[in-house]
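Notes follow once the structure below has been shown.
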Amino acid sequence: MKMHLTRRETLKLLAAGAAGLMMPAVPVFGAMRKSVEYRRLGRTNLQVSVVGFGSLSIGLASTEQQRVGQLLNQALDRGLNIIDTAECYGHPDKNHAEILIGNAIGSRRDEYVLSSKVGHENGHFGQGSDWSSASIHRTIDRSLKRLKTDHLDIVHLHGCSVEILRAGEVIEALKKARQVGKTRFLAYAGSGERVRYAIESNEFDVVQLTLNVFEQNAIDDLLPLAQKRDIGVIAKRPIGNAVWRFPERPEWEWYAEYWDLIKPLDYPFFKGDALADPGPEGAAGMALRFLTSTPGVHTAIVGTTNPGRWTQNNDNVTAGLLSAEQYGAIRANWRALAGEKRELG
Ligand SMILES: NC(=O)c1ccc[n+]([C@@H]2O[C@H](COP(=O)([O-])OP(=O)(O)OC[C@H]3O[C@@H](n4cnc5c(N)ncnc54)[C@H](OP(=O)(O)O)[C@@H]3O)[C@@H](O)[C@H]2O)c1
């Protein structure tokens with residue numbers, strides 16, 4: 001799967017998504033503040049907002065600093081309290097996600113749980129990796145500087161192989177960082193067998209895994225294992241990159257794989273008026289509520305470049321869990337499609 005995009009490709013993709021369905025602008029919910037649900041992030045005992053913030057989009061798009069400031073400050077004011085970023089979300093010098101976050105809300109550091117990742121010290125998104133202990137320490141130090149803080153709450157190994165996990169140097173490096181107070185908790189981010197290994201090693205307090213209406217393997221294969229060990233679970237790509245917004249098959253394989261599943265999955269909320277409905281019964285609302293209705297998921301770190309989006313998503317979640325019938329239908333449709341060929345995702 002090609003993960004690296006040129007800046008031109010990224011902007012084209014984001015623009016196509018935005019233009020796609022003529023989605024209404026992010027609705028303004030007035031001054032009324034809806035409630036926010038917090039969940040215990042497993043054995044970390046951190047209480048985190050069930051709708052978190054993922055910073056991949058702002059890094060990929062090199063979103064303007066002022067916009068990120070507006071987005072994050074507003075979301076914090078309304079109850080967001082977990083922010084996920086990474087060493088490789090964006091160009092190292094140009095509006096890198098960590099730099100944008102540090103500038104925007106570094107002064108409010110005690111108001112949020114901060115999560116970042118290591119493993120690609122010199123890579124842009126998805127490129128190159130370095131799993132040496134020295135590189136991990138340098139990367140954490142750089143993240144602290146960029147994020148304007150003296151400690152991270154959670155540091156993830158960003159997708160290293162089982163062999164690298166088994167060799168142990170990466171885990172020792174994280175433990176050392178914890179010992180000197182640069183992080184509070186150890187985590188692993190990835191998918192499939194790697195996450196399973198990380199959970200079963202019992203070395204990690206948190207895992208970040210892919211889970212959404214398109215990719216549900218983790219529900220059967222990983223969540224029960226994490227629950228058994230009281231490991232915190234962060235869901236990444238929680239609304240499947242909102243691929244229903246694209247009128248045509250996106251060029252980026254990462255998005256295209258989900259886009260190809262829209263028709264065969266046959267979900268009612270991916271049809272007709274629901275596609276552009278910004279509320280809890282619309283495509284985004286249902287996709288997110290599927291996640292929040294899944295036992296064992298503690299936070300869904302939805303990505304956005306849009307001020308107001310966090311509030312919209314949080315308000316959708318406050319509409320409540322899906323009914324057993326709605327939830328069961330999503331599981332059944334997906335199982336019918338995935339069938340025998342199901343692999344860990
Ligand atoms: N560890 C890893 O390997 C890894 C990999 C992927 C992702 N992640 C983490 O997971 C986070 C989330 O994943 P993601 O950003 O790839 O995917 P995502 O959260 O599923 O989708 C993000 C996209 O959804 C759109 N969106 C958000 N709310 C919406 C709504 N209510 N209606 C319509 N569109 C909406 C956003 O567009 P707008 O800008 O228009 O709001 C954005 O383009 C990342 O930011 C990152 O922190 C980690």
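Chain labels follow the order of the structure tokens: the first chain is A, the next B, and so on; residue numbering restarts at 1 in every chain, and ligands are counted from 1 in their shown order.
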
Please report, as a tab-separated table, each residue of chain A lying at most 6 Å from ligand 1, together with the nearest pair of atoms and the separation in Å rounded to one decimal; use only C-alpha atoms and all ligand atoms, and order rows by chain and ascending residue number.
```
residue	atom	partner	partner_atom_place_in_ligand_line	distance
A:Gly54	CA	ligand 1	45 (O)	3.2
A:Ser55	CA	ligand 1	45 (O)	4.1
A:Leu56	CA	ligand 1	45 (O)	3.7
A:Ser57	CA	ligand 1	15 (O)	5.4
A:Asp84	CA	ligand 1	47 (O)	4.9
A:Thr85	CA	ligand 1	47 (O)	5.3
A:His158	CA	ligand 1	1 (N)	5.8
A:Ala189	CA	ligand 1	1 (N)	4.7
A:Gly190	CA	ligand 1	3 (O)	5.3
A:Lys236	CA	ligand 1	10 (O)	3.7
A:Arg237	CA	ligand 1	13 (O)	3.4
A:Pro238	CA	ligand 1	20 (O)	4.2
A:Ile239	CA	ligand 1	20 (O)	3.6
A:Gly240	CA	ligand 1	20 (O)	4.0
A:Asn241	CA	ligand 1	21 (O)	3.2
A:Ala242	CA	ligand 1	24 (O)	4.6
A:Ala284	CA	ligand 1	32 (N)	4.9
A:Ile301	CA	ligand 1	11 (C)	5.1
A:Val302	CA	ligand 1	19 (O)	3.4
A:Gly303	CA	ligand 1	15 (O)	3.6
A:Thr304	CA	ligand 1	39 (O)	3.6
A:Thr305	CA	ligand 1	39 (O)	3.8
A:Asn306	CA	ligand 1	41 (O)	4.8
A:Arg309	CA	ligand 1	41 (O)	5.7
A:Asn313	CA	ligand 1	31 (N)	5.3
```

Any chance you could export the current selection's N, CA and C atoms as a compact mmCIF listing (two decimals), in the first residue's frame?
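Written out: selection.txt:
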```txt
# COMPACT_ATOMS: atom_id res chain seq x y z
N GLY A 54 -7.12 13.61 15.92
CA GLY A 54 -5.98 13.04 15.20
C GLY A 54 -5.41 14.10 14.27
N SER A 55 -4.09 14.24 14.26
CA SER A 55 -3.49 15.39 13.57
C SER A 55 -2.88 15.05 12.22
N LEU A 56 -3.17 13.86 11.71
CA LEU A 56 -2.59 13.52 10.40
C LEU A 56 -3.03 14.50 9.31
N SER A 57 -4.33 14.83 9.28
CA SER A 57 -4.84 15.73 8.23
C SER A 57 -4.17 17.10 8.26
N ASP A 84 -3.68 13.32 19.35
CA ASP A 84 -2.70 12.36 18.84
C ASP A 84 -1.92 12.98 17.69
N THR A 85 -0.60 12.80 17.74
CA THR A 85 0.21 13.28 16.63
C THR A 85 1.31 12.25 16.36
N HIS A 158 5.65 3.41 16.12
CA HIS A 158 4.78 3.68 14.98
C HIS A 158 4.90 2.58 13.92
N ALA A 189 1.30 1.48 17.85
CA ALA A 189 0.30 1.86 16.84
C ALA A 189 0.52 1.04 15.59
N GLY A 190 -0.55 0.45 15.09
CA GLY A 190 -0.43 -0.33 13.85
C GLY A 190 -1.70 -1.09 13.59
N LYS A 236 -7.90 4.47 15.36
CA LYS A 236 -7.44 5.39 14.31
C LYS A 236 -8.26 5.18 13.04
N ARG A 237 -8.25 6.17 12.18
CA ARG A 237 -9.08 6.20 10.96
C ARG A 237 -10.55 5.89 11.32
N PRO A 238 -11.05 6.49 12.38
CA PRO A 238 -12.33 6.03 12.94
C PRO A 238 -13.53 6.23 12.04
N ILE A 239 -13.49 7.22 11.14
CA ILE A 239 -14.65 7.32 10.23
C ILE A 239 -14.22 6.97 8.80
N GLY A 240 -13.18 6.14 8.72
CA GLY A 240 -12.77 5.63 7.40
C GLY A 240 -12.42 6.74 6.42
N ASN A 241 -11.79 7.80 6.96
CA ASN A 241 -11.37 8.94 6.14
C ASN A 241 -12.54 9.59 5.39
N ALA A 242 -13.74 9.33 5.84
CA ALA A 242 -14.93 9.93 5.23
C ALA A 242 -14.89 9.79 3.70
N ALA A 284 -21.38 10.38 8.50
CA ALA A 284 -20.30 10.56 9.48
C ALA A 284 -20.79 10.24 10.89
N ILE A 301 -9.97 8.98 17.48
CA ILE A 301 -9.23 10.23 17.22
C ILE A 301 -9.52 10.71 15.79
N VAL A 302 -10.67 11.33 15.62
CA VAL A 302 -11.07 11.77 14.28
C VAL A 302 -10.15 12.90 13.80
N GLY A 303 -9.71 12.79 12.57
CA GLY A 303 -8.88 13.83 11.97
C GLY A 303 -9.72 14.91 11.35
N THR A 304 -9.24 16.13 11.38
CA THR A 304 -9.95 17.22 10.72
C THR A 304 -9.04 18.42 10.53
N THR A 305 -9.35 19.19 9.49
CA THR A 305 -8.68 20.48 9.30
C THR A 305 -9.68 21.61 9.53
N ASN A 306 -10.87 21.25 10.00
CA ASN A 306 -11.97 22.21 10.08
C ASN A 306 -12.34 22.62 11.49
N ARG A 309 -15.52 21.11 13.54
CA ARG A 309 -15.76 19.69 13.26
C ARG A 309 -15.78 18.85 14.54
N ASN A 313 -18.82 16.44 15.64
CA ASN A 313 -18.67 15.01 15.88
C ASN A 313 -19.03 14.65 17.32
```

Could you give me, as a short mmCIF file (atom, residue, chain, number, x, y, z; two decimals) with N, CA and C atoms, in the first residue's frame, the residues within 8 Å of A:Ala300, counting only C-alpha atoms and dropping anything in the same chain fewer than 2 positions from it?
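Output contents, as saved in out_30.cif:
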```cif
data_model
loop_
_atom_site.label_atom_id
_atom_site.label_comp_id
_atom_site.auth_asym_id
_atom_site.auth_seq_id
_atom_site.Cartn_x
_atom_site.Cartn_y
_atom_site.Cartn_z
N VAL A 50 -14.24 10.72 24.44
CA VAL A 50 -14.45 9.62 23.50
C VAL A 50 -14.21 10.10 22.06
N VAL A 51 -14.44 11.38 21.80
CA VAL A 51 -14.01 11.94 20.51
C VAL A 51 -12.70 12.68 20.76
N GLY A 52 -11.64 12.12 20.21
CA GLY A 52 -10.32 12.74 20.35
C GLY A 52 -9.99 13.54 19.10
N PHE A 53 -8.73 13.91 18.98
CA PHE A 53 -8.29 14.63 17.78
C PHE A 53 -7.06 13.95 17.19
N ILE A 234 -7.10 3.13 21.41
CA ILE A 234 -7.35 4.33 20.61
C ILE A 234 -7.68 3.86 19.20
N ALA A 235 -8.84 4.27 18.67
CA ALA A 235 -9.21 3.87 17.30
C ALA A 235 -8.73 4.91 16.31
N LYS A 236 -7.90 4.47 15.36
CA LYS A 236 -7.44 5.39 14.31
C LYS A 236 -8.26 5.18 13.04
N PRO A 238 -11.05 6.49 12.38
CA PRO A 238 -12.33 6.03 12.94
C PRO A 238 -13.53 6.23 12.04
N LEU A 288 -19.23 7.19 13.13
CA LEU A 288 -18.57 7.46 14.42
C LEU A 288 -19.31 6.78 15.57
N LEU A 291 -18.37 3.26 16.15
CA LEU A 291 -17.15 3.12 16.97
C LEU A 291 -17.44 3.29 18.45
N THR A 292 -18.16 4.35 18.77
CA THR A 292 -18.39 4.63 20.19
C THR A 292 -19.33 3.58 20.81
N VAL A 297 -13.58 0.19 22.96
CA VAL A 297 -12.97 1.37 22.33
C VAL A 297 -13.06 2.53 23.31
N HIS A 298 -11.93 3.17 23.58
CA HIS A 298 -11.95 4.24 24.59
C HIS A 298 -11.99 5.63 23.98
N VAL A 302 -10.67 11.33 15.62
CA VAL A 302 -11.07 11.77 14.28
C VAL A 302 -10.15 12.90 13.80
#
```

>> Considering only alpha helix (DSSP H) as DSSP defines it on the backbone, what residues of stretch 284-322 of chain A qualify? List them as JSON, numbers by chain.
In response: {"A": [284, 285, 286, 287, 288, 289, 290, 291, 292, 309, 310, 311, 312, 313, 314, 315, 316, 317, 318]}

> Which residues come within 6 Å of stretch 200-207 of chain A, counting only C-alpha atoms, excluding same-chain residues fewer than 4 positions away, as JSON, numbers by chain?
Replying inline: {"A": [186, 187, 188, 189, 231, 232, 233]}

Close residues, A:Asn314 itself excluded, 7 Å, only C-alpha atoms, min 4 positions apart in chain, as a PDB file with N, CA and C atoms, in the first residue's frame:
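Written output follows (out_20.pdb):
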```
ATOM      1  N   VAL A  36     -20.000  15.964  27.142  1.00  0.00           N
ATOM      2  CA  VAL A  36     -18.866  15.250  26.570  1.00  0.00           C
ATOM      3  C   VAL A  36     -18.699  13.965  27.375  1.00  0.00           C
ATOM      4  N   VAL A  51     -14.442  11.381  21.796  1.00  0.00           N
ATOM      5  CA  VAL A  51     -14.014  11.945  20.511  1.00  0.00           C
ATOM      6  C   VAL A  51     -12.700  12.677  20.760  1.00  0.00           C
ATOM      7  N   TRP A 310     -14.872  19.172  15.468  1.00  0.00           N
ATOM      8  CA  TRP A 310     -14.848  18.369  16.693  1.00  0.00           C
ATOM      9  C   TRP A 310     -16.184  18.483  17.411  1.00  0.00           C
ATOM     10  N   THR A 318     -23.171  12.442  21.219  1.00  0.00           N
ATOM     11  CA  THR A 318     -24.072  12.602  22.364  1.00  0.00           C
ATOM     12  C   THR A 318     -25.502  12.180  22.021  1.00  0.00           C
TER      13      THR A 318
END
```

Show which residues sit within 8 Å of A:Gly106, as a PDB file with N, CA and C atoms, in the first residue's frame. Count only C-alpha atoms, and ignore same-chain residues fewer than 2 positions away.
```
ATOM      1  N   ILE A 101       0.586  22.015  16.596  1.00  0.00           N
ATOM      2  CA  ILE A 101      -0.067  21.768  17.897  1.00  0.00           C
ATOM      3  C   ILE A 101       0.666  22.535  19.003  1.00  0.00           C
ATOM      4  N   GLY A 102       1.982  22.432  18.984  1.00  0.00           N
ATOM      5  CA  GLY A 102       2.770  23.122  20.018  1.00  0.00           C
ATOM      6  C   GLY A 102       2.508  24.614  20.010  1.00  0.00           C
ATOM      7  N   ASN A 103       2.505  25.209  18.817  1.00  0.00           N
ATOM      8  CA  ASN A 103       2.255  26.653  18.727  1.00  0.00           C
ATOM      9  C   ASN A 103       0.836  27.005  19.162  1.00  0.00           C
ATOM     10  N   ALA A 104      -0.103  26.127  18.799  1.00  0.00           N
ATOM     11  CA  ALA A 104      -1.512  26.463  19.050  1.00  0.00           C
ATOM     12  C   ALA A 104      -1.885  26.335  20.524  1.00  0.00           C
ATOM     13  N   ARG A 108      -1.453  25.502  26.931  1.00  0.00           N
ATOM     14  CA  ARG A 108      -2.576  24.889  27.681  1.00  0.00           C
ATOM     15  C   ARG A 108      -2.285  23.414  27.968  1.00  0.00           C
ATOM     16  N   ARG A 109      -1.009  23.098  28.069  1.00  0.00           N
ATOM     17  CA  ARG A 109      -0.572  21.701  28.103  1.00  0.00           C
ATOM     18  C   ARG A 109      -1.252  20.855  29.181  1.00  0.00           C
ATOM     19  N   LEU A 147       6.388  20.306  20.443  1.00  0.00           N
ATOM     20  CA  LEU A 147       5.083  20.373  21.118  1.00  0.00           C
ATOM     21  C   LEU A 147       5.100  21.300  22.334  1.00  0.00           C
ATOM     22  N   LYS A 148       6.255  21.909  22.560  1.00  0.00           N
ATOM     23  CA  LYS A 148       6.415  22.895  23.654  1.00  0.00           C
ATOM     24  C   LYS A 148       6.000  22.319  25.006  1.00  0.00           C
ATOM     25  N   THR A 149       6.587  21.198  25.334  1.00  0.00           N
ATOM     26  CA  THR A 149       6.255  20.559  26.607  1.00  0.00           C
ATOM     27  C   THR A 149       7.490  19.836  27.140  1.00  0.00           C
TER      28      THR A 149
END
```

> If you run DSSP on the backbone, which residues of stretch 62-276 of chain A are strand (DSSP E or B), as a PyMOL selection string?
Replying inline: chain A and resi 82-84+113-118+152-158+183-190+206-210+212+215+232-236

Just write the chosen residues, N, CA and C atoms, as a short mmCIF file (atom, residue, chain, number, x, y, z; two decimals), in the first residue's frame.
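Writing the result to part_13.cif gives the following:
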```
data_model
loop_
_atom_site.label_atom_id
_atom_site.label_comp_id
_atom_site.auth_asym_id
_atom_site.auth_seq_id
_atom_site.Cartn_x
_atom_site.Cartn_y
_atom_site.Cartn_z
N ILE A 82 -7.89 14.71 24.37
CA ILE A 82 -6.78 13.84 23.91
C ILE A 82 -6.41 14.18 22.48
N ILE A 83 -5.13 14.38 22.29
CA ILE A 83 -4.61 14.81 20.99
C ILE A 83 -3.51 13.85 20.56
N ASP A 84 -3.68 13.32 19.35
CA ASP A 84 -2.70 12.36 18.84
C ASP A 84 -1.92 12.98 17.69
N VAL A 113 -4.37 15.23 27.18
CA VAL A 113 -3.49 14.05 27.11
C VAL A 113 -2.81 14.11 25.74
N LEU A 114 -1.49 14.04 25.73
CA LEU A 114 -0.74 14.21 24.48
C LEU A 114 -0.07 12.90 24.09
N SER A 115 -0.35 12.50 22.86
CA SER A 115 0.16 11.22 22.35
C SER A 115 0.95 11.47 21.07
N SER A 116 2.17 10.91 21.00
CA SER A 116 2.92 11.00 19.75
C SER A 116 3.55 9.65 19.43
N LYS A 117 4.40 9.62 18.40
CA LYS A 117 4.92 8.34 17.92
C LYS A 117 6.38 8.47 17.53
N VAL A 118 7.05 7.33 17.48
CA VAL A 118 8.47 7.30 17.09
C VAL A 118 8.69 6.19 16.07
N LEU A 152 5.53 13.87 27.26
CA LEU A 152 4.39 13.33 26.50
C LEU A 152 3.66 12.40 27.46
N ASP A 153 2.38 12.18 27.22
CA ASP A 153 1.66 11.21 28.06
C ASP A 153 1.80 9.80 27.49
N ILE A 154 1.74 9.73 26.16
CA ILE A 154 1.76 8.42 25.50
C ILE A 154 2.74 8.49 24.33
N VAL A 155 3.67 7.53 24.25
CA VAL A 155 4.52 7.44 23.06
C VAL A 155 4.31 6.08 22.41
N HIS A 156 3.93 6.11 21.12
CA HIS A 156 3.71 4.88 20.37
C HIS A 156 4.95 4.52 19.54
N LEU A 157 5.22 3.23 19.47
CA LEU A 157 6.09 2.72 18.41
C LEU A 157 5.21 2.73 17.17
N HIS A 158 5.65 3.41 16.12
CA HIS A 158 4.78 3.68 14.98
C HIS A 158 4.90 2.58 13.92
N THR A 183 7.92 10.38 28.99
CA THR A 183 6.58 9.89 28.68
C THR A 183 6.04 9.19 29.91
N ARG A 184 4.72 9.10 29.97
CA ARG A 184 4.12 8.40 31.11
C ARG A 184 3.75 6.96 30.74
N PHE A 185 3.38 6.75 29.46
CA PHE A 185 2.89 5.41 29.09
C PHE A 185 3.48 4.97 27.76
N LEU A 186 3.61 3.65 27.62
CA LEU A 186 4.16 3.02 26.41
C LEU A 186 3.00 2.56 25.53
N ALA A 187 3.16 2.72 24.22
CA ALA A 187 2.07 2.33 23.33
C ALA A 187 2.61 1.79 22.01
N TYR A 188 1.72 1.08 21.31
CA TYR A 188 2.05 0.57 19.98
C TYR A 188 0.93 0.98 19.03
N ALA A 189 1.30 1.48 17.85
CA ALA A 189 0.30 1.86 16.84
C ALA A 189 0.52 1.04 15.59
N GLY A 190 -0.55 0.45 15.09
CA GLY A 190 -0.43 -0.33 13.85
C GLY A 190 -1.70 -1.09 13.59
N VAL A 206 -1.17 1.04 26.06
CA VAL A 206 -2.15 1.53 25.10
C VAL A 206 -1.81 0.94 23.73
N VAL A 207 -2.84 0.62 22.94
CA VAL A 207 -2.61 0.33 21.52
C VAL A 207 -3.49 1.26 20.69
N GLN A 208 -2.97 1.62 19.52
CA GLN A 208 -3.74 2.42 18.57
C GLN A 208 -3.94 1.52 17.35
N LEU A 209 -5.19 1.24 17.01
CA LEU A 209 -5.46 0.29 15.93
C LEU A 209 -6.54 0.81 15.00
N THR A 210 -6.54 0.24 13.79
CA THR A 210 -7.51 0.67 12.79
C THR A 210 -8.84 -0.03 13.05
N ASN A 212 -13.09 0.77 11.94
CA ASN A 212 -14.16 1.64 11.42
C ASN A 212 -15.18 0.75 10.70
N GLU A 215 -13.56 -1.64 8.24
CA GLU A 215 -12.48 -2.53 8.68
C GLU A 215 -12.74 -2.94 10.12
N GLY A 232 -5.42 0.29 27.14
CA GLY A 232 -6.19 1.37 26.54
C GLY A 232 -6.25 1.20 25.02
N VAL A 233 -7.42 1.53 24.42
CA VAL A 233 -7.57 1.36 22.97
C VAL A 233 -7.97 2.68 22.32
N ILE A 234 -7.10 3.13 21.41
CA ILE A 234 -7.35 4.33 20.61
C ILE A 234 -7.68 3.86 19.20
N ALA A 235 -8.84 4.27 18.67
CA ALA A 235 -9.21 3.87 17.30
C ALA A 235 -8.73 4.91 16.31
N LYS A 236 -7.90 4.47 15.36
CA LYS A 236 -7.44 5.39 14.31
C LYS A 236 -8.26 5.18 13.04
#
```

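Using only C-alpha atoms, the shortest contact distance between A:Asp150 and any of A:Asp110, A:Arg166, A:Thr294, A:Gln312 is found at A:Asp110.
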
> Nearest to A:Gly69: which of A:Ser107, A:Asn81, A:Gln326, A:Ser143 is it, counting only C-alpha atoms?
Replying inline: A:Ser107

> What's the 8 Å shell around A:Trp244, counting only C-alpha atoms, without same-chain residues fewer than 4 positions away, as a list of chain:residue names?
Replying inline: A:Trp259, A:Ile262, A:Phe270, A:Leu275, A:Ala283

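Nearest to A:Ala276 of all the residues A:Tyr258, A:Phe246, A:Arg40, A:Gly328 is A:Phe246, counting only C-alpha atoms.
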
>> Can you pull out the residues contacting A:Arg331? Cut-off 12 Å, using only C-alpha atoms, and skip same-chain residues under 2 positions away; I want them as a list in words.
In response: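 The contact residues come out as Asn212, Val213, Phe214, Glu215, Gln216, Asn217, Ile219, Asp220, Leu265, Asp266, Tyr267, Phe290, Leu291, Ser293, Thr294, Leu322, Ala324, Glu325, Gln326, Tyr327, Gly328, Ala329, Asn333, Trp334, Arg335, Ala336, Leu337, Ala338 and Gly339 of chain A.
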
Keeping C-alpha atoms, export the residues of the selection given above as an mmCIF file, in the first residue's frame.
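And here's selection.cif as it stands now:
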```cif
data_model
loop_
_atom_site.group_PDB
_atom_site.id
_atom_site.type_symbol
_atom_site.label_atom_id
_atom_site.label_comp_id
_atom_site.auth_asym_id
_atom_site.auth_seq_id
_atom_site.Cartn_x
_atom_site.Cartn_y
_atom_site.Cartn_z
ATOM 1 C CA ASN A 212 -14.160 1.636 11.423
ATOM 2 C CA VAL A 213 -17.258 0.540 9.510
ATOM 3 C CA PHE A 214 -15.040 -0.638 6.631
ATOM 4 C CA GLU A 215 -12.482 -2.532 8.675
ATOM 5 C CA GLN A 216 -13.908 -4.428 11.625
ATOM 6 C CA ASN A 217 -11.461 -7.297 12.203
ATOM 7 C CA ILE A 219 -13.540 -6.220 17.090
ATOM 8 C CA ASP A 220 -13.175 -9.988 17.129
ATOM 9 C CA LEU A 265 -21.362 -2.899 2.137
ATOM 10 C CA ASP A 266 -24.792 -1.471 1.355
ATOM 11 C CA TYR A 267 -25.155 0.565 4.555
ATOM 12 C CA PHE A 290 -20.580 2.640 15.382
ATOM 13 C CA LEU A 291 -17.152 3.122 16.969
ATOM 14 C CA SER A 293 -20.925 1.782 20.455
ATOM 15 C CA THR A 294 -18.169 -0.834 20.237
ATOM 16 C CA LEU A 322 -26.582 2.782 18.086
ATOM 17 C CA ALA A 324 -28.668 -3.234 18.946
ATOM 18 C CA GLU A 325 -30.476 -3.582 15.632
ATOM 19 C CA GLN A 326 -28.479 -0.823 13.916
ATOM 20 C CA TYR A 327 -25.194 -2.106 15.309
ATOM 21 C CA GLY A 328 -25.991 -5.721 14.442
ATOM 22 C CA ALA A 329 -26.897 -4.774 10.863
ATOM 23 C CA ASN A 333 -23.266 -6.540 6.361
ATOM 24 C CA TRP A 334 -19.553 -6.381 6.975
ATOM 25 C CA ARG A 335 -19.277 -10.067 7.913
ATOM 26 C CA ALA A 336 -21.181 -11.079 4.795
ATOM 27 C CA LEU A 337 -18.707 -9.150 2.667
ATOM 28 C CA ALA A 338 -15.545 -10.089 4.507
ATOM 29 C CA GLY A 339 -16.631 -13.748 4.629
#
```

>> Please report the interatomic distance between atom CA of A:Gln227 and atom CA of A:Ala198 in Å with one decimal.
In response: 13.4 Å

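You will find atom CA of A:Gly79 at 11.6 Å from atom CA of A:Gln47.
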
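For the residues A:Ala167, A:Gly181, A:Gly296, A:Glu253, ranking by smallest atom-to-atom distance to A:Leu225 using only C-alpha atoms places A:Gly296 first.
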